[in-house]
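Engineer: This is the structure I want to talk about, given as structure tokens.
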Amino acid sequence: MAFREIDDDLWAIIEPHLPPQKPHVGRPRTDHRAMFNGILYVLTTGCTWSDVPRQYGTKSTVHRFHLYLAEHSIYQDIFLDLLRSGYEIRKIDLTHCSTDTKDIPAKKGDRPVMMAIRK
């Protein structure tokens, strides 16, 4: 799968969920959008964190940002907002969904019994 950076429309949905950018004091800060693109680069390409292109920040900075987003449930908030936005602009249509019922219990709570085949 080829990697594409997030566009401005998608960034407008994601940015409010991210922590505020700290003021510039001392070493220059890496842009949140660049780090988020770095995270998506790793997740899309399947490469290791050490292979993150330098344009997205250092490998440790991008990985730390990823851990911060995961630990503070920010990914969940972003996902739910993107899902809501998808419904609003009618990009998500659940009329053609299916469910795997293999793990759903049968009536009265009984599970189907698998019969052993004897030779």
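By order in the structure tokens, chains are A, B, ...; within a chain, residues start at 1; ligands start at 1, following the order shown.
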So that I can check the surroundings of stretch 45-53 of chain A, please list as a count of residues only every protein, DNA and RNA residue that reaches within 10 Å of it, counting only C-alpha atoms and ignoring chain neighbours fewer than 3 positions away.

Structural biologist: 18

Engineer: Stretch 64-104 of chain A near stretch 14-30 of chain A within 8 Å: what's each residue's closest atom pair and its distance in Å to one decimal, counting only C-alpha atoms, ordered by chain then ascending residue number, as a Markdown table?

Structural biologist:
| residue | atom | partner | partner_atom | distance |
| --- | --- | --- | --- | --- |
| A:Leu69 | CA | A:Leu18 | CA | 7.9 |
| A:Ile74 | CA | A:His17 | CA | 6.5 |
| A:Asp77 | CA | A:His17 | CA | 7.0 |
| A:Ile78 | CA | A:Ile14 | CA | 6.0 |

Engineer: Calculated over only C-alpha atoms, which of the candidates A:Phe36, A:Glu5, A:Leu10, A:Asp31 has the smallest distance to A:Tyr75?

Structural biologist: A:Phe36

Engineer: Please measure the separation of atom CA of A:Leu94 and atom CA of A:Leu82, giving the value in Å to one decimal.

Structural biologist: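 Taking atom CA of A:Leu94 as the start and atom CA of A:Leu82 as the end point, the length is 15.3 Å.
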
Engineer: As an exercise, work out the distance from atom CA of A:Glu88 to atom CA of A:Ile13 in Å and give it to one decimal place.

Structural biologist: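 So the answer is 12.9 Å.
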
Engineer: Nearest to A:Ser85 among A:Lys102, A:Ala12, A:Ser73, A:Asp7, with distances taken over only C-alpha atoms: which residue is it?

Structural biologist: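 For A:Ser85, the nearest of the candidates is A:Ala12.
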
Engineer: Please report the interatomic distance between atom CA of A:His32 and atom CA of A:Arg90 in Å with one decimal.

Structural biologist: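 Going from atom CA of A:His32 over to atom CA of A:Arg90 covers 28.5 Å.
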
Engineer: Once DSSP has gone over the backbone, tell me which residues of chain A are in alpha helix (DSSP H), as a PyMOL selection string.

Structural biologist: chain A and resi 8-14+32-45+59-71+74-88

Engineer: Can you write just those residues out, N, CA and C atoms, as a short mmCIF file (atom, residue, chain, number, x, y, z; two decimals), in the first residue's frame?

Structural biologist:
data_model
loop_
_atom_site.label_atom_id
_atom_site.label_comp_id
_atom_site.auth_asym_id
_atom_site.auth_seq_id
_atom_site.Cartn_x
_atom_site.Cartn_y
_atom_site.Cartn_z
N ASP A 8 -5.65 18.49 4.05
CA ASP A 8 -6.10 19.56 4.94
C ASP A 8 -7.47 19.28 5.56
N ASP A 9 -8.37 18.66 4.81
CA ASP A 9 -9.71 18.36 5.34
C ASP A 9 -9.63 17.35 6.49
N LEU A 10 -8.84 16.33 6.30
CA LEU A 10 -8.67 15.32 7.35
C LEU A 10 -7.93 15.92 8.55
N TRP A 11 -6.95 16.76 8.29
CA TRP A 11 -6.21 17.39 9.37
C TRP A 11 -7.11 18.29 10.21
N ALA A 12 -8.09 18.92 9.58
CA ALA A 12 -9.01 19.79 10.31
C ALA A 12 -9.84 18.99 11.32
N ILE A 13 -10.08 17.71 11.05
CA ILE A 13 -10.81 16.86 11.97
C ILE A 13 -9.89 16.33 13.08
N ILE A 14 -8.65 16.02 12.73
CA ILE A 14 -7.71 15.41 13.68
C ILE A 14 -7.11 16.43 14.65
N HIS A 32 3.17 18.86 14.92
CA HIS A 32 2.28 17.73 15.20
C HIS A 32 1.82 17.04 13.93
N ARG A 33 1.57 17.80 12.90
CA ARG A 33 1.11 17.20 11.64
C ARG A 33 2.20 16.31 11.05
N ALA A 34 3.43 16.77 11.12
CA ALA A 34 4.54 15.97 10.59
C ALA A 34 4.69 14.67 11.40
N MET A 35 4.59 14.77 12.73
CA MET A 35 4.71 13.56 13.55
C MET A 35 3.54 12.61 13.30
N PHE A 36 2.34 13.14 13.13
CA PHE A 36 1.19 12.29 12.86
C PHE A 36 1.36 11.58 11.52
N ASN A 37 1.88 12.29 10.53
CA ASN A 37 2.18 11.67 9.24
C ASN A 37 3.26 10.60 9.39
N GLY A 38 4.22 10.83 10.29
CA GLY A 38 5.25 9.83 10.56
C GLY A 38 4.66 8.56 11.15
N ILE A 39 3.71 8.72 12.06
CA ILE A 39 3.02 7.56 12.65
C ILE A 39 2.27 6.81 11.56
N LEU A 40 1.53 7.54 10.74
CA LEU A 40 0.79 6.89 9.65
C LEU A 40 1.73 6.22 8.65
N TYR A 41 2.91 6.80 8.45
CA TYR A 41 3.89 6.20 7.54
C TYR A 41 4.29 4.81 8.06
N VAL A 42 4.59 4.72 9.36
CA VAL A 42 4.98 3.44 9.94
C VAL A 42 3.82 2.44 9.87
N LEU A 43 2.62 2.88 10.20
CA LEU A 43 1.48 1.97 10.20
C LEU A 43 1.09 1.52 8.79
N THR A 44 1.27 2.40 7.81
CA THR A 44 0.89 2.07 6.44
C THR A 44 1.92 1.19 5.75
N THR A 45 3.19 1.53 5.92
CA THR A 45 4.24 0.79 5.22
C THR A 45 4.69 -0.46 5.95
N LYS A 59 13.06 9.33 15.00
CA LYS A 59 12.32 8.10 15.29
C LYS A 59 11.80 8.08 16.71
N SER A 60 12.60 8.57 17.67
CA SER A 60 12.16 8.53 19.06
C SER A 60 11.04 9.55 19.32
N THR A 61 11.11 10.71 18.67
CA THR A 61 10.07 11.73 18.85
C THR A 61 8.74 11.24 18.30
N VAL A 62 8.76 10.67 17.12
CA VAL A 62 7.53 10.17 16.50
C VAL A 62 6.96 9.02 17.33
N HIS A 63 7.82 8.13 17.79
CA HIS A 63 7.36 7.00 18.59
C HIS A 63 6.80 7.47 19.93
N ARG A 64 7.44 8.43 20.57
CA ARG A 64 6.93 8.97 21.84
C ARG A 64 5.57 9.63 21.65
N PHE A 65 5.41 10.34 20.53
CA PHE A 65 4.12 10.98 20.23
C PHE A 65 3.04 9.91 20.04
N HIS A 66 3.39 8.83 19.35
CA HIS A 66 2.47 7.71 19.16
C HIS A 66 2.05 7.12 20.51
N LEU A 67 3.00 6.89 21.40
CA LEU A 67 2.70 6.35 22.72
C LEU A 67 1.81 7.30 23.52
N TYR A 68 2.08 8.59 23.43
CA TYR A 68 1.26 9.58 24.13
C TYR A 68 -0.19 9.51 23.64
N LEU A 69 -0.36 9.46 22.32
CA LEU A 69 -1.72 9.40 21.75
C LEU A 69 -2.44 8.13 22.18
N ALA A 70 -1.71 7.03 22.24
CA ALA A 70 -2.32 5.77 22.64
C ALA A 70 -2.67 5.76 24.13
N GLU A 71 -1.77 6.23 24.98
CA GLU A 71 -1.99 6.21 26.43
C GLU A 71 -3.11 7.14 26.87
N ILE A 74 -6.40 9.19 22.71
CA ILE A 74 -6.64 10.20 21.68
C ILE A 74 -6.98 9.53 20.35
N TYR A 75 -6.39 8.37 20.09
CA TYR A 75 -6.74 7.64 18.86
C TYR A 75 -8.22 7.30 18.84
N GLN A 76 -8.75 6.88 19.97
CA GLN A 76 -10.18 6.54 20.06
C GLN A 76 -11.03 7.76 19.75
N ASP A 77 -10.68 8.91 20.31
CA ASP A 77 -11.44 10.14 20.07
C ASP A 77 -11.39 10.53 18.59
N ILE A 78 -10.21 10.41 17.98
CA ILE A 78 -10.05 10.73 16.56
C ILE A 78 -10.91 9.79 15.72
N PHE A 79 -10.84 8.49 16.04
CA PHE A 79 -11.61 7.50 15.28
C PHE A 79 -13.10 7.79 15.34
N LEU A 80 -13.61 8.07 16.55
CA LEU A 80 -15.05 8.34 16.69
C LEU A 80 -15.46 9.60 15.95
N ASP A 81 -14.61 10.62 15.95
CA ASP A 81 -14.93 11.85 15.23
C ASP A 81 -14.89 11.62 13.72
N LEU A 82 -13.93 10.83 13.25
CA LEU A 82 -13.87 10.51 11.82
C LEU A 82 -15.08 9.67 11.41
N LEU A 83 -15.48 8.76 12.27
CA LEU A 83 -16.66 7.93 11.99
C LEU A 83 -17.91 8.80 11.89
N ARG A 84 -18.08 9.70 12.84
CA ARG A 84 -19.23 10.61 12.82
C ARG A 84 -19.21 11.46 11.56
N SER A 85 -18.04 11.96 11.20
CA SER A 85 -17.91 12.78 9.98
C SER A 85 -18.24 11.97 8.74
N GLY A 86 -17.85 10.70 8.73
CA GLY A 86 -18.15 9.84 7.60
C GLY A 86 -19.65 9.63 7.41
N TYR A 87 -20.37 9.50 8.51
CA TYR A 87 -21.82 9.38 8.43
C TYR A 87 -22.44 10.68 7.93
N GLU A 88 -21.95 11.81 8.43
CA GLU A 88 -22.52 13.11 8.05
C GLU A 88 -22.38 13.40 6.57
#
